[in-house]
>>> print(open('target_35.txt').read())   # compact mmCIF, C-alpha atoms and all ligand atoms
# COMPACT_ATOMS: atom_id res chain seq x y z
CA MET A 12 0.00 0.00 0.00
CA ASN A 13 1.67 3.28 -1.05
CA ALA A 14 1.44 6.57 0.85
CA GLU A 15 -1.50 7.81 -1.18
CA TRP A 16 -3.53 4.70 -0.39
CA ALA A 17 -2.52 4.85 3.26
CA GLU A 18 -3.94 8.37 3.38
CA ALA A 19 -7.15 7.33 1.63
CA ILE A 20 -7.62 4.37 3.99
CA GLU A 21 -7.03 6.71 6.92
CA ALA A 22 -9.72 9.12 5.67
CA ALA A 23 -12.12 6.24 5.06
CA SER A 24 -11.60 4.68 8.48
CA SER A 25 -12.13 8.07 10.18
CA ALA A 26 -15.41 8.42 8.30
CA LEU A 27 -16.47 4.91 9.39
CA PHE A 28 -15.59 5.68 13.02
CA ALA A 29 -17.83 8.77 12.72
CA GLY A 30 -20.73 6.57 11.54
CA GLU A 31 -20.47 7.77 7.94
CA LEU A 32 -20.65 5.79 4.69
CA VAL A 33 -17.67 4.79 2.55
CA ALA A 34 -17.66 3.34 -0.96
CA MET A 35 -15.37 0.34 -0.76
CA PRO A 36 -14.04 -1.52 -3.78
CA THR A 37 -14.31 -5.30 -3.54
CA GLU A 38 -13.35 -7.99 -6.03
CA THR A 39 -17.05 -8.38 -6.95
CA VAL A 40 -18.70 -4.92 -7.03
CA TYR A 41 -18.35 -1.68 -5.07
CA GLY A 42 -19.88 -1.83 -1.59
CA LEU A 43 -21.49 0.94 0.44
CA ALA A 44 -19.77 0.30 3.74
CA ALA A 45 -20.64 1.23 7.31
CA ASP A 46 -19.76 0.04 10.82
CA ALA A 47 -21.85 -3.13 11.27
CA THR A 48 -22.08 -2.53 15.01
CA ASN A 49 -23.44 1.04 14.71
CA ALA A 50 -27.23 0.98 14.25
CA GLU A 51 -27.42 4.58 13.06
CA ALA A 52 -24.71 4.06 10.46
CA VAL A 53 -26.52 0.94 9.23
CA ALA A 54 -29.77 2.92 9.02
CA ALA A 55 -27.96 5.54 6.93
CA ILE A 56 -27.21 2.83 4.34
CA PHE A 57 -30.89 2.03 3.87
CA ALA A 58 -31.66 5.74 3.59
CA ALA A 59 -28.89 6.38 1.05
CA LYS A 60 -29.86 3.41 -1.12
CA GLN A 61 -33.56 4.17 -0.75
CA ARG A 62 -34.16 0.50 -0.07
CA PRO A 63 -37.92 0.11 0.21
CA GLU A 64 -37.60 -2.39 3.02
CA PHE A 65 -34.93 -3.42 5.42
CA ASN A 66 -33.29 -6.25 3.48
CA PRO A 67 -30.55 -7.87 5.49
CA LEU A 68 -26.98 -6.85 4.64
CA ILE A 69 -23.77 -8.83 4.26
CA VAL A 70 -21.30 -8.45 7.12
CA HIS A 71 -17.76 -8.15 5.72
CA SER A 72 -14.96 -9.29 7.90
CA GLY A 73 -11.16 -9.23 7.67
CA SER A 74 -10.69 -12.88 8.55
CA ALA A 75 -12.47 -16.21 8.48
CA GLU A 76 -11.86 -16.45 12.25
CA GLU A 77 -13.81 -13.26 12.89
CA ALA A 78 -16.54 -14.31 10.44
CA GLY A 79 -16.83 -17.57 12.39
CA GLU A 80 -17.45 -15.58 15.56
CA ILE A 81 -20.28 -13.69 13.86
CA ALA A 82 -21.97 -16.66 12.18
CA ALA A 83 -22.09 -20.29 13.30
CA LEU A 84 -20.75 -22.15 10.25
CA ASP A 85 -21.45 -25.85 10.00
CA GLU A 86 -19.05 -28.38 8.52
CA ILE A 87 -19.96 -27.62 4.91
CA GLY A 88 -19.69 -23.91 5.66
CA GLU A 89 -16.20 -24.40 7.11
CA ARG A 90 -15.14 -26.28 3.98
CA LEU A 91 -16.51 -23.60 1.67
CA ALA A 92 -14.89 -20.86 3.77
CA ALA A 93 -11.52 -22.63 3.73
CA ALA A 94 -11.67 -23.00 -0.05
CA PHE A 95 -13.08 -19.61 -1.08
CA TRP A 96 -12.19 -17.02 1.60
CA PRO A 97 -10.93 -14.48 1.12
CA GLY A 98 -13.08 -14.25 -1.99
CA PRO A 99 -16.51 -13.82 -3.60
CA LEU A 100 -18.48 -16.20 -1.36
CA THR A 101 -21.16 -15.16 1.16
CA LEU A 102 -22.39 -17.65 3.74
CA VAL A 103 -25.71 -17.32 5.58
CA ALA A 104 -25.73 -19.08 8.93
CA PRO A 105 -27.21 -18.75 12.42
CA ARG A 106 -26.16 -15.49 14.01
CA ARG A 107 -23.73 -15.89 16.84
CA SER A 108 -22.59 -12.38 17.79
CA SER A 109 -24.81 -9.83 19.50
CA LYS A 110 -22.52 -6.98 18.43
CA ILE A 111 -23.99 -6.71 14.91
CA ALA A 112 -26.78 -4.10 14.67
CA GLU A 113 -30.23 -5.73 14.50
CA LEU A 114 -31.12 -3.68 11.44
CA ALA A 115 -28.16 -5.15 9.56
CA THR A 116 -29.73 -8.61 9.73
CA ALA A 117 -33.31 -7.32 9.52
CA ALA A 118 -33.74 -8.96 12.93
CA LEU A 119 -33.39 -12.45 11.40
CA SER A 120 -31.83 -15.25 13.41
CA THR A 121 -29.32 -15.72 10.60
CA VAL A 122 -26.53 -13.47 9.32
CA ALA A 123 -24.68 -13.25 6.00
CA VAL A 124 -20.88 -13.10 6.24
CA ARG A 125 -18.12 -12.68 3.69
CA VAL A 126 -14.34 -12.14 3.74
CA PRO A 127 -13.46 -10.08 0.65
CA SER A 128 -10.13 -10.50 -1.15
CA HIS A 129 -9.73 -7.05 -2.70
CA PRO A 130 -6.56 -5.47 -1.25
CA VAL A 131 -8.26 -2.11 -0.61
CA ALA A 132 -11.21 -3.77 1.17
CA ARG A 133 -8.75 -5.80 3.22
CA ALA A 134 -6.73 -2.70 4.12
CA LEU A 135 -9.90 -0.91 5.21
CA LEU A 136 -11.09 -3.89 7.29
CA ALA A 137 -7.65 -4.06 8.90
CA ALA A 138 -7.80 -0.35 9.77
CA VAL A 139 -11.01 -0.55 11.82
CA PRO A 140 -11.85 -2.72 14.85
CA PHE A 141 -15.40 -3.53 13.67
CA PRO A 142 -16.80 -5.56 10.74
CA LEU A 143 -18.44 -3.65 7.87
CA VAL A 144 -21.86 -4.09 6.37
CA ALA A 145 -21.74 -3.36 2.67
CA PRO A 146 -24.56 -3.75 0.19
CA SER A 147 -23.73 -3.04 -3.42
CA ALA A 148 -23.16 0.72 -3.79
CA ASN A 149 -26.07 1.42 -6.10
CA ARG A 150 -29.47 2.98 -5.67
CA SER A 151 -32.03 0.31 -4.76
CA SER A 152 -33.26 -1.66 -7.83
CA HIS A 153 -30.49 -0.24 -10.05
CA VAL A 154 -27.69 -2.49 -11.32
CA SER A 155 -24.68 -2.86 -9.02
CA ALA A 156 -21.83 -0.37 -9.26
CA THR A 157 -18.61 -1.70 -10.78
CA SER A 158 -16.72 1.60 -10.87
CA ALA A 159 -16.34 4.70 -8.71
CA THR A 160 -18.16 6.65 -11.44
CA HIS A 161 -21.21 4.38 -11.03
CA VAL A 162 -21.14 4.92 -7.27
CA ILE A 163 -21.03 8.69 -7.61
CA ALA A 164 -23.76 8.69 -10.27
CA ASP A 165 -26.09 6.74 -7.96
CA LEU A 166 -25.19 7.97 -4.49
CA GLY A 167 -23.23 11.19 -4.97
CA ASP A 168 -22.59 13.11 -1.78
CA LEU A 169 -24.36 10.59 0.45
CA VAL A 170 -20.97 8.86 0.57
CA SER A 171 -18.25 10.53 2.66
CA VAL A 172 -15.30 8.82 0.99
CA VAL A 173 -15.13 6.94 -2.31
CA LEU A 174 -12.12 4.64 -2.52
CA ASP A 175 -11.54 4.50 -6.27
CA ALA A 176 -9.62 1.36 -7.20
CA GLY A 177 -10.72 1.24 -10.84
CA PRO A 178 -13.19 -1.24 -12.35
CA SER A 179 -14.29 -4.17 -10.15
CA PRO A 180 -12.21 -7.23 -11.13
CA LEU A 181 -15.09 -9.77 -11.17
CA GLY A 182 -18.03 -7.45 -11.83
CA LEU A 183 -20.68 -9.80 -10.42
CA GLU A 184 -21.84 -10.04 -6.82
CA SER A 185 -20.70 -12.86 -4.54
CA SER A 186 -22.36 -16.26 -4.65
CA ILE A 187 -24.59 -16.64 -1.57
CA VAL A 188 -24.93 -20.05 0.07
CA GLY A 189 -27.38 -20.62 2.91
CA LEU A 190 -26.31 -23.26 5.43
CA GLY A 191 -28.66 -25.39 7.47
CA ALA A 192 -29.84 -28.79 8.57
CA GLU A 193 -31.55 -29.48 5.22
CA GLY A 194 -28.24 -28.94 3.40
CA PRO A 195 -26.79 -25.95 1.59
CA VAL A 196 -28.95 -23.72 -0.64
CA LEU A 197 -27.74 -21.49 -3.46
CA LEU A 198 -29.52 -18.27 -2.41
CA ARG A 199 -27.88 -16.18 -5.15
CA PRO A 200 -25.78 -17.43 -8.06
CA GLY A 201 -22.71 -15.24 -8.28
CA ALA A 202 -19.03 -14.91 -9.02
CA ILE A 203 -18.18 -18.50 -8.08
CA ALA A 204 -19.65 -21.09 -10.44
CA ARG A 205 -22.18 -23.46 -8.88
CA GLU A 206 -20.19 -26.54 -9.86
CA ASP A 207 -17.10 -25.22 -8.05
CA LEU A 208 -19.15 -24.65 -4.89
CA GLU A 209 -20.69 -28.13 -5.13
CA ARG A 210 -17.32 -29.78 -5.65
CA VAL A 211 -16.05 -28.31 -2.37
CA ALA A 212 -19.35 -28.77 -0.49
CA GLY A 213 -19.40 -32.42 -1.55
CA VAL A 214 -23.16 -32.23 -2.10
CA ALA A 215 -25.51 -30.63 -4.61
CA LEU A 216 -26.80 -27.17 -3.66
CA ARG A 217 -30.54 -26.86 -3.40
CA ASP A 218 -32.24 -24.07 -5.32
CA ALA A 219 -33.62 -21.06 -3.48
CA VAL A 220 -37.38 -20.75 -3.61
CA GLU A 221 -37.93 -17.44 -5.37
CA GLY A 222 -39.82 -14.74 -3.56
CA THR A 223 -40.06 -16.41 -0.17
CA ARG A 224 -39.10 -14.28 2.77
CA PRO A 225 -36.88 -14.13 4.67
CA ASP A 226 -34.69 -16.26 2.41
CA ALA A 227 -34.74 -14.09 -0.61
CA PRO A 228 -35.48 -10.44 0.10
CA GLY A 229 -32.71 -9.30 -2.25
CA MET A 230 -33.93 -11.70 -4.86
CA LEU A 231 -36.89 -9.57 -5.90
CA ARG A 232 -37.51 -10.43 -9.49
CA SER A 233 -36.78 -6.93 -10.77
CA HIS A 234 -33.98 -6.22 -8.30
CA TYR A 235 -31.47 -5.35 -11.01
CA ALA A 236 -33.78 -3.61 -13.44
CA PRO A 237 -32.48 -0.91 -15.76
CA VAL A 238 -34.93 1.87 -16.67
CA VAL A 239 -35.34 0.69 -20.29
CA PRO A 240 -37.07 -2.50 -21.50
CA LEU A 241 -34.83 -5.50 -21.96
CA ARG A 242 -35.57 -8.46 -24.25
CA LEU A 243 -33.83 -11.81 -23.65
CA GLY A 244 -32.58 -14.45 -26.06
CA ALA A 245 -32.42 -12.02 -28.97
CA THR A 246 -30.87 -13.37 -32.16
CA ARG A 247 -30.92 -9.93 -33.77
CA ALA A 248 -31.77 -6.34 -32.89
CA GLU A 249 -34.89 -4.68 -34.27
CA PRO A 250 -34.38 -1.15 -35.61
CA GLY A 251 -34.20 1.27 -32.66
CA GLU A 252 -32.98 -1.37 -30.24
CA SER A 253 -29.54 -1.55 -28.68
CA LEU A 254 -27.85 -4.93 -28.94
CA LEU A 255 -26.21 -6.46 -25.88
CA ALA A 256 -24.08 -8.99 -27.70
CA PHE A 257 -22.15 -12.07 -26.64
CA GLY A 258 -19.75 -13.75 -29.04
CA PRO A 259 -19.69 -13.26 -32.81
CA LEU A 260 -22.27 -10.75 -34.06
CA PRO A 261 -25.32 -12.22 -35.82
CA PRO A 262 -26.10 -11.20 -39.38
CA GLY A 263 -28.06 -7.95 -39.39
CA ALA A 264 -26.43 -6.62 -36.22
CA GLU A 265 -25.91 -3.34 -38.08
CA ALA A 266 -29.62 -2.63 -37.61
CA ALA A 267 -28.97 -2.03 -33.91
CA ALA A 268 -28.77 1.56 -32.72
CA THR A 269 -25.74 0.57 -30.62
CA VAL A 270 -23.86 -2.67 -30.09
CA VAL A 271 -22.07 -3.46 -26.85
CA ASN A 272 -20.36 -6.84 -26.90
CA LEU A 273 -19.86 -8.48 -23.50
CA SER A 274 -17.18 -10.71 -25.00
CA GLU A 275 -16.35 -11.09 -28.68
CA ALA A 276 -14.48 -14.28 -27.77
CA SER A 277 -17.49 -15.73 -25.86
CA ASP A 278 -15.52 -15.66 -22.59
CA LEU A 279 -18.00 -15.81 -19.69
CA LYS A 280 -15.54 -14.35 -17.20
CA VAL A 281 -14.98 -11.30 -19.39
CA ALA A 282 -18.74 -11.03 -19.94
CA ALA A 283 -19.40 -11.13 -16.18
CA SER A 284 -16.92 -8.36 -15.55
CA ARG A 285 -18.50 -6.12 -18.20
CA LEU A 286 -22.18 -6.85 -17.61
CA PHE A 287 -23.24 -4.07 -15.24
CA ALA A 288 -21.20 -1.34 -16.94
CA ALA A 289 -22.75 -2.42 -20.26
CA LEU A 290 -26.29 -2.27 -18.84
CA ARG A 291 -25.64 1.20 -17.43
CA GLU A 292 -24.18 2.39 -20.73
CA LEU A 293 -27.15 1.12 -22.74
CA GLU A 294 -29.64 2.36 -20.16
CA ALA A 295 -28.19 5.87 -20.50
CA LEU A 296 -28.81 5.77 -24.27
CA GLY A 297 -32.51 5.18 -23.61
CA ALA A 298 -33.19 2.62 -26.37
CA PRO A 299 -34.74 -0.77 -25.51
CA ILE A 300 -32.14 -3.50 -25.14
CA ALA A 301 -32.03 -6.78 -27.05
CA ALA A 302 -29.79 -9.24 -25.19
CA MET A 303 -28.27 -12.19 -27.05
CA PRO A 304 -28.38 -15.61 -25.35
CA ILE A 305 -25.65 -16.54 -22.87
CA PRO A 306 -24.89 -20.23 -22.27
CA GLU A 307 -26.39 -21.53 -19.01
CA GLU A 308 -23.08 -22.89 -17.65
CA GLY A 309 -20.36 -21.70 -15.29
CA LEU A 310 -20.64 -17.95 -14.72
CA GLY A 311 -23.39 -17.90 -17.36
CA LEU A 312 -25.83 -18.95 -14.60
CA ALA A 313 -25.24 -15.77 -12.65
CA ILE A 314 -25.16 -13.59 -15.78
CA ASN A 315 -28.49 -15.02 -16.96
CA ASP A 316 -29.93 -14.61 -13.47
CA ARG A 317 -29.12 -10.88 -13.52
CA LEU A 318 -30.40 -10.50 -17.09
CA ARG A 319 -33.70 -12.24 -16.24
CA ARG A 320 -34.16 -9.89 -13.30
CA ALA A 321 -33.33 -6.92 -15.51
CA ALA A 322 -35.95 -8.09 -18.01
CA ALA A 323 -38.67 -8.77 -15.44
CA PRO A 324 -41.50 -6.28 -15.14
CA LYS A 325 -40.86 -3.74 -12.38
CA GLU A 326 -42.39 -4.57 -9.02
CA SER A 327 -43.54 -1.88 -6.70
CA GLY A 328 -40.77 -1.40 -4.15
O1 LIG A 401 -20.54 -9.20 -3.82
C1 LIG A 401 -21.31 -8.86 -2.94
O2 LIG A 401 -21.89 -9.66 -2.21
C2 LIG A 401 -21.51 -7.34 -2.72
C3 LIG A 401 -20.18 -6.76 -2.24
C4 LIG A 401 -20.26 -5.30 -1.93
O3 LIG A 401 -19.71 -7.48 -1.13
N1 LIG A 401 -22.57 -7.09 -1.81
C5 LIG A 401 -23.88 -7.30 -2.13
O4 LIG A 401 -24.76 -6.90 -1.12
O5 LIG A 401 -24.24 -7.74 -3.18
P1 LIG A 401 -26.33 -6.70 -1.37
O6 LIG A 401 -26.84 -6.08 -0.10
O7 LIG A 401 -26.56 -5.94 -2.61
O8 LIG A 401 -26.88 -8.14 -1.44
C6 LIG A 401 -26.93 -8.92 -0.26
C7 LIG A 401 -27.86 -10.08 -0.43
C8 LIG A 401 -29.30 -9.66 -0.49
O9 LIG A 401 -29.91 -10.39 -1.54
C9 LIG A 401 -29.84 -10.10 0.86
O10 LIG A 401 -31.20 -10.38 0.82
C10 LIG A 401 -29.00 -11.31 1.14
O11 LIG A 401 -27.73 -10.94 0.71
N2 LIG A 401 -28.92 -11.62 2.58
C11 LIG A 401 -28.29 -10.93 3.53
N3 LIG A 401 -28.50 -11.47 4.75
C12 LIG A 401 -29.29 -12.55 4.56
C13 LIG A 401 -29.86 -13.52 5.42
N4 LIG A 401 -29.67 -13.51 6.74
N5 LIG A 401 -30.63 -14.49 4.85
C14 LIG A 401 -30.83 -14.52 3.51
N6 LIG A 401 -30.31 -13.61 2.64
C15 LIG A 401 -29.55 -12.64 3.16
MG MG A 402 -27.39 -5.26 -4.42
>>> encode(input="target_35.txt", output="structure tokens")
Amino acid sequence: MNAEWAEAIEAASSALFAGELVAMPTETVYGLAADATNAEAVAAIFAAKQRPEFNPLIVHSGSAEEAGEIAALDEIGERLAAAFWPGPLTLVAPRRSSKIAELATAALSTVAVRVPSHPVARALLAAVPFPLVAPSANRSSHVSATSATHVIADLGDLVSVVLDAGPSPLGLESSIVGLGAEGPVLLRPGAIAREDLERVAGVALRDAVEGTRPDAPGMLRSHYAPVVPLRLGATRAEPGESLLAFGPLPPGAEAAATVVNLSEASDLKVAASRLFAALRELEALGAPIAAMPIPEEGLGLAINDRLRRAAAPKESG
């Protein structure tokens, strides 16, 4: 960490101590961070994001040891943590610590924990004595922020310090696995492919039941909706549509008002990292979006999950 970063981390940790909000880069997306033990700071997150309801937040911790003090991980959880932390995995398990603000967990008996791997997130977590809650740093129901510019566009001066570390390396939120007696559940497909999680867990992950609370508050169907219509499985763009492409362009692609290709080489990892920036770019142009099909394998699961949500009709709230 050079002197400039040390100064930025210092400013950010002071803001967190004062109960203010900090935009924190992580390997997945930018997070809107606050002291997880400070109820007022946690409330400020919901106000800034204009979350319609108090969805529970992910508690970010500097170490797996600390995360284990916050949430009671079972054997499968321990295995997943050992394999993927620090990294883009969130585990939901019975809450163990009473230090975390009730609002952070929406008063559930469970808590979501994650140990991020991004060096700036790690430096920030090392600089403060408390864990950090950090939802994605976007306005509620907008796509997640994968750059400091996105954060500022959505949240502006509601954030005291924006730690700008450039584009988010993975670009997709963490995979969320719920632990419990009935076996692990994939609550949100994310930056770790399902098959990699299952290999380590040693069992198949059950699917989350969409729309059931309290399991899936952040899984509202239109959670990631852009403000323009989005059409899935498009093989070509109609005149006036923007084309969100993947792989080689189909014949007639010239008809599109704009073409943004997630990956010319059909690389799912590249596509994942570009997805949210592409949606924001096309949204800003205002034309309806035609999205080409993405294979339902590896990271394609999470990409398609976000695209389906973006295409779903808006729900109130
Ligand atoms: O990659 C990520 O996970 C990013 C970065 C910043 O770490 N964070 C993120 O947070 O995506 P957010 O708040 O946008 O999404 C958190 C998700 C929500 O869908 C929420 O409902 C779910 O985690 N969640 C949190 N606590 C839960 C709990 N106790 N039970 C079930 N779901 C929970
Ligand atoms: Mg979010």
>>> closest_residue(input="target_35.txt", among="A:Ala34, A:Ala94, A:Leu100, A:Leu273", to="Ala148 in chain A", atoms="only C-alpha atoms")
A:Ala34
>>> residues_around(input="target_35.txt", residues="Ala47 in chain A", least_positions_apart="4", cutoff="12 Å", atoms="only C-alpha atoms", output="PyMOL selection string")
chain A and resi 27-28+30-32+43+51-56+67-72+81+108-116+122-124+136+139-146
>>> atom_distance(input="target_35.txt", atom1="atom N1 of ligand LIG 401 (chain A)", atom2="CA of Gly42 in chain A")
5.9 Å
>>> residues_around(input="target_35.txt", residues="Gly297 in chain A", least_positions_apart="3", cutoff="8 Å", atoms="all atoms listed in the file", output="PyMOL selection string")
chain A and resi 239+293-294
>>> residues_near_ligand(input="target_35.txt", ligand="ligand MG 402 (chain A)", cutoff="12 Å", atoms="only C-alpha atoms and all ligand atoms", output="PyMOL selection string")
chain A and resi 39-43+56-57+60-62+66-69+145-157+183-185+199+201+228-231+233-236+287+317
>>> closest_residue(input="target_35.txt", among="A:Ala118, A:Leu84, A:Leu318, A:Ala22", to="Ala104 in chain A", atoms="only C-alpha atoms")
A:Leu84
>>> residues_around(input="target_35.txt", residues="Ala29 in chain A", least_positions_apart="5", cutoff="10 Å", atoms="only C-alpha atoms", output="list in words")
Ala23, Ser24, Ala45, Asp46, Asn49 and Ala52 of chain A
>>> residues_around(input="target_35.txt", residues="Glu21 in chain A", least_positions_apart="5", cutoff="9 Å", atoms="all atoms listed in the file", output="PyMOL selection string")
chain A and resi 16+26+135+138
>>> decode(input="target_35.txt", residues="range 40-128 of chain A", atoms="C-alpha atoms", output="PDB file, in the first residue's frame")
ATOM      1  CA  VAL A  40     -18.698  -4.924  -7.035  1.00  0.00           C
ATOM      2  CA  TYR A  41     -18.351  -1.684  -5.071  1.00  0.00           C
ATOM      3  CA  GLY A  42     -19.880  -1.832  -1.592  1.00  0.00           C
ATOM      4  CA  LEU A  43     -21.490   0.941   0.436  1.00  0.00           C
ATOM      5  CA  ALA A  44     -19.766   0.304   3.744  1.00  0.00           C
ATOM      6  CA  ALA A  45     -20.644   1.226   7.312  1.00  0.00           C
ATOM      7  CA  ASP A  46     -19.763   0.037  10.822  1.00  0.00           C
ATOM      8  CA  ALA A  47     -21.847  -3.126  11.268  1.00  0.00           C
ATOM      9  CA  THR A  48     -22.078  -2.527  15.011  1.00  0.00           C
ATOM     10  CA  ASN A  49     -23.439   1.040  14.708  1.00  0.00           C
ATOM     11  CA  ALA A  50     -27.230   0.979  14.255  1.00  0.00           C
ATOM     12  CA  GLU A  51     -27.421   4.578  13.056  1.00  0.00           C
ATOM     13  CA  ALA A  52     -24.714   4.058  10.465  1.00  0.00           C
ATOM     14  CA  VAL A  53     -26.524   0.940   9.232  1.00  0.00           C
ATOM     15  CA  ALA A  54     -29.769   2.917   9.020  1.00  0.00           C
ATOM     16  CA  ALA A  55     -27.955   5.536   6.926  1.00  0.00           C
ATOM     17  CA  ILE A  56     -27.212   2.827   4.343  1.00  0.00           C
ATOM     18  CA  PHE A  57     -30.890   2.030   3.874  1.00  0.00           C
ATOM     19  CA  ALA A  58     -31.665   5.743   3.588  1.00  0.00           C
ATOM     20  CA  ALA A  59     -28.891   6.378   1.055  1.00  0.00           C
ATOM     21  CA  LYS A  60     -29.856   3.410  -1.118  1.00  0.00           C
ATOM     22  CA  GLN A  61     -33.558   4.171  -0.748  1.00  0.00           C
ATOM     23  CA  ARG A  62     -34.158   0.497  -0.069  1.00  0.00           C
ATOM     24  CA  PRO A  63     -37.921   0.112   0.205  1.00  0.00           C
ATOM     25  CA  GLU A  64     -37.602  -2.389   3.025  1.00  0.00           C
ATOM     26  CA  PHE A  65     -34.931  -3.424   5.417  1.00  0.00           C
ATOM     27  CA  ASN A  66     -33.292  -6.248   3.475  1.00  0.00           C
ATOM     28  CA  PRO A  67     -30.546  -7.866   5.489  1.00  0.00           C
ATOM     29  CA  LEU A  68     -26.985  -6.854   4.637  1.00  0.00           C
ATOM     30  CA  ILE A  69     -23.766  -8.827   4.261  1.00  0.00           C
ATOM     31  CA  VAL A  70     -21.297  -8.445   7.118  1.00  0.00           C
ATOM     32  CA  HIS A  71     -17.763  -8.148   5.722  1.00  0.00           C
ATOM     33  CA  SER A  72     -14.960  -9.292   7.897  1.00  0.00           C
ATOM     34  CA  GLY A  73     -11.161  -9.226   7.667  1.00  0.00           C
ATOM     35  CA  SER A  74     -10.689 -12.876   8.551  1.00  0.00           C
ATOM     36  CA  ALA A  75     -12.470 -16.210   8.484  1.00  0.00           C
ATOM     37  CA  GLU A  76     -11.857 -16.454  12.245  1.00  0.00           C
ATOM     38  CA  GLU A  77     -13.814 -13.259  12.890  1.00  0.00           C
ATOM     39  CA  ALA A  78     -16.539 -14.309  10.441  1.00  0.00           C
ATOM     40  CA  GLY A  79     -16.827 -17.565  12.392  1.00  0.00           C
ATOM     41  CA  GLU A  80     -17.446 -15.578  15.565  1.00  0.00           C
ATOM     42  CA  ILE A  81     -20.281 -13.691  13.863  1.00  0.00           C
ATOM     43  CA  ALA A  82     -21.973 -16.660  12.175  1.00  0.00           C
ATOM     44  CA  ALA A  83     -22.087 -20.289  13.297  1.00  0.00           C
ATOM     45  CA  LEU A  84     -20.754 -22.146  10.250  1.00  0.00           C
ATOM     46  CA  ASP A  85     -21.455 -25.855  10.000  1.00  0.00           C
ATOM     47  CA  GLU A  86     -19.046 -28.379   8.520  1.00  0.00           C
ATOM     48  CA  ILE A  87     -19.962 -27.620   4.913  1.00  0.00           C
ATOM     49  CA  GLY A  88     -19.685 -23.913   5.665  1.00  0.00           C
ATOM     50  CA  GLU A  89     -16.203 -24.405   7.111  1.00  0.00           C
ATOM     51  CA  ARG A  90     -15.143 -26.277   3.979  1.00  0.00           C
ATOM     52  CA  LEU A  91     -16.513 -23.596   1.673  1.00  0.00           C
ATOM     53  CA  ALA A  92     -14.887 -20.863   3.768  1.00  0.00           C
ATOM     54  CA  ALA A  93     -11.520 -22.634   3.729  1.00  0.00           C
ATOM     55  CA  ALA A  94     -11.672 -22.999  -0.050  1.00  0.00           C
ATOM     56  CA  PHE A  95     -13.081 -19.605  -1.085  1.00  0.00           C
ATOM     57  CA  TRP A  96     -12.192 -17.023   1.604  1.00  0.00           C
ATOM     58  CA  PRO A  97     -10.932 -14.480   1.118  1.00  0.00           C
ATOM     59  CA  GLY A  98     -13.080 -14.246  -1.995  1.00  0.00           C
ATOM     60  CA  PRO A  99     -16.514 -13.824  -3.605  1.00  0.00           C
ATOM     61  CA  LEU A 100     -18.481 -16.196  -1.356  1.00  0.00           C
ATOM     62  CA  THR A 101     -21.161 -15.159   1.157  1.00  0.00           C
ATOM     63  CA  LEU A 102     -22.386 -17.653   3.739  1.00  0.00           C
ATOM     64  CA  VAL A 103     -25.706 -17.320   5.577  1.00  0.00           C
ATOM     65  CA  ALA A 104     -25.731 -19.081   8.933  1.00  0.00           C
ATOM     66  CA  PRO A 105     -27.214 -18.746  12.422  1.00  0.00           C
ATOM     67  CA  ARG A 106     -26.165 -15.491  14.005  1.00  0.00           C
ATOM     68  CA  ARG A 107     -23.726 -15.890  16.840  1.00  0.00           C
ATOM     69  CA  SER A 108     -22.592 -12.384  17.788  1.00  0.00           C
ATOM     70  CA  SER A 109     -24.814  -9.834  19.495  1.00  0.00           C
ATOM     71  CA  LYS A 110     -22.523  -6.980  18.426  1.00  0.00           C
ATOM     72  CA  ILE A 111     -23.986  -6.707  14.905  1.00  0.00           C
ATOM     73  CA  ALA A 112     -26.784  -4.105  14.668  1.00  0.00           C
ATOM     74  CA  GLU A 113     -30.234  -5.728  14.500  1.00  0.00           C
ATOM     75  CA  LEU A 114     -31.121  -3.682  11.445  1.00  0.00           C
ATOM     76  CA  ALA A 115     -28.164  -5.154   9.557  1.00  0.00           C
ATOM     77  CA  THR A 116     -29.728  -8.608   9.727  1.00  0.00           C
ATOM     78  CA  ALA A 117     -33.314  -7.325   9.516  1.00  0.00           C
ATOM     79  CA  ALA A 118     -33.740  -8.958  12.931  1.00  0.00           C
ATOM     80  CA  LEU A 119     -33.391 -12.446  11.396  1.00  0.00           C
ATOM     81  CA  SER A 120     -31.833 -15.252  13.406  1.00  0.00           C
ATOM     82  CA  THR A 121     -29.315 -15.718  10.605  1.00  0.00           C
ATOM     83  CA  VAL A 122     -26.528 -13.473   9.320  1.00  0.00           C
ATOM     84  CA  ALA A 123     -24.683 -13.253   5.996  1.00  0.00           C
ATOM     85  CA  VAL A 124     -20.877 -13.095   6.243  1.00  0.00           C
ATOM     86  CA  ARG A 125     -18.120 -12.683   3.690  1.00  0.00           C
ATOM     87  CA  VAL A 126     -14.337 -12.137   3.741  1.00  0.00           C
ATOM     88  CA  PRO A 127     -13.458 -10.080   0.650  1.00  0.00           C
ATOM     89  CA  SER A 128     -10.127 -10.505  -1.146  1.00  0.00           C
TER      90      SER A 128
END
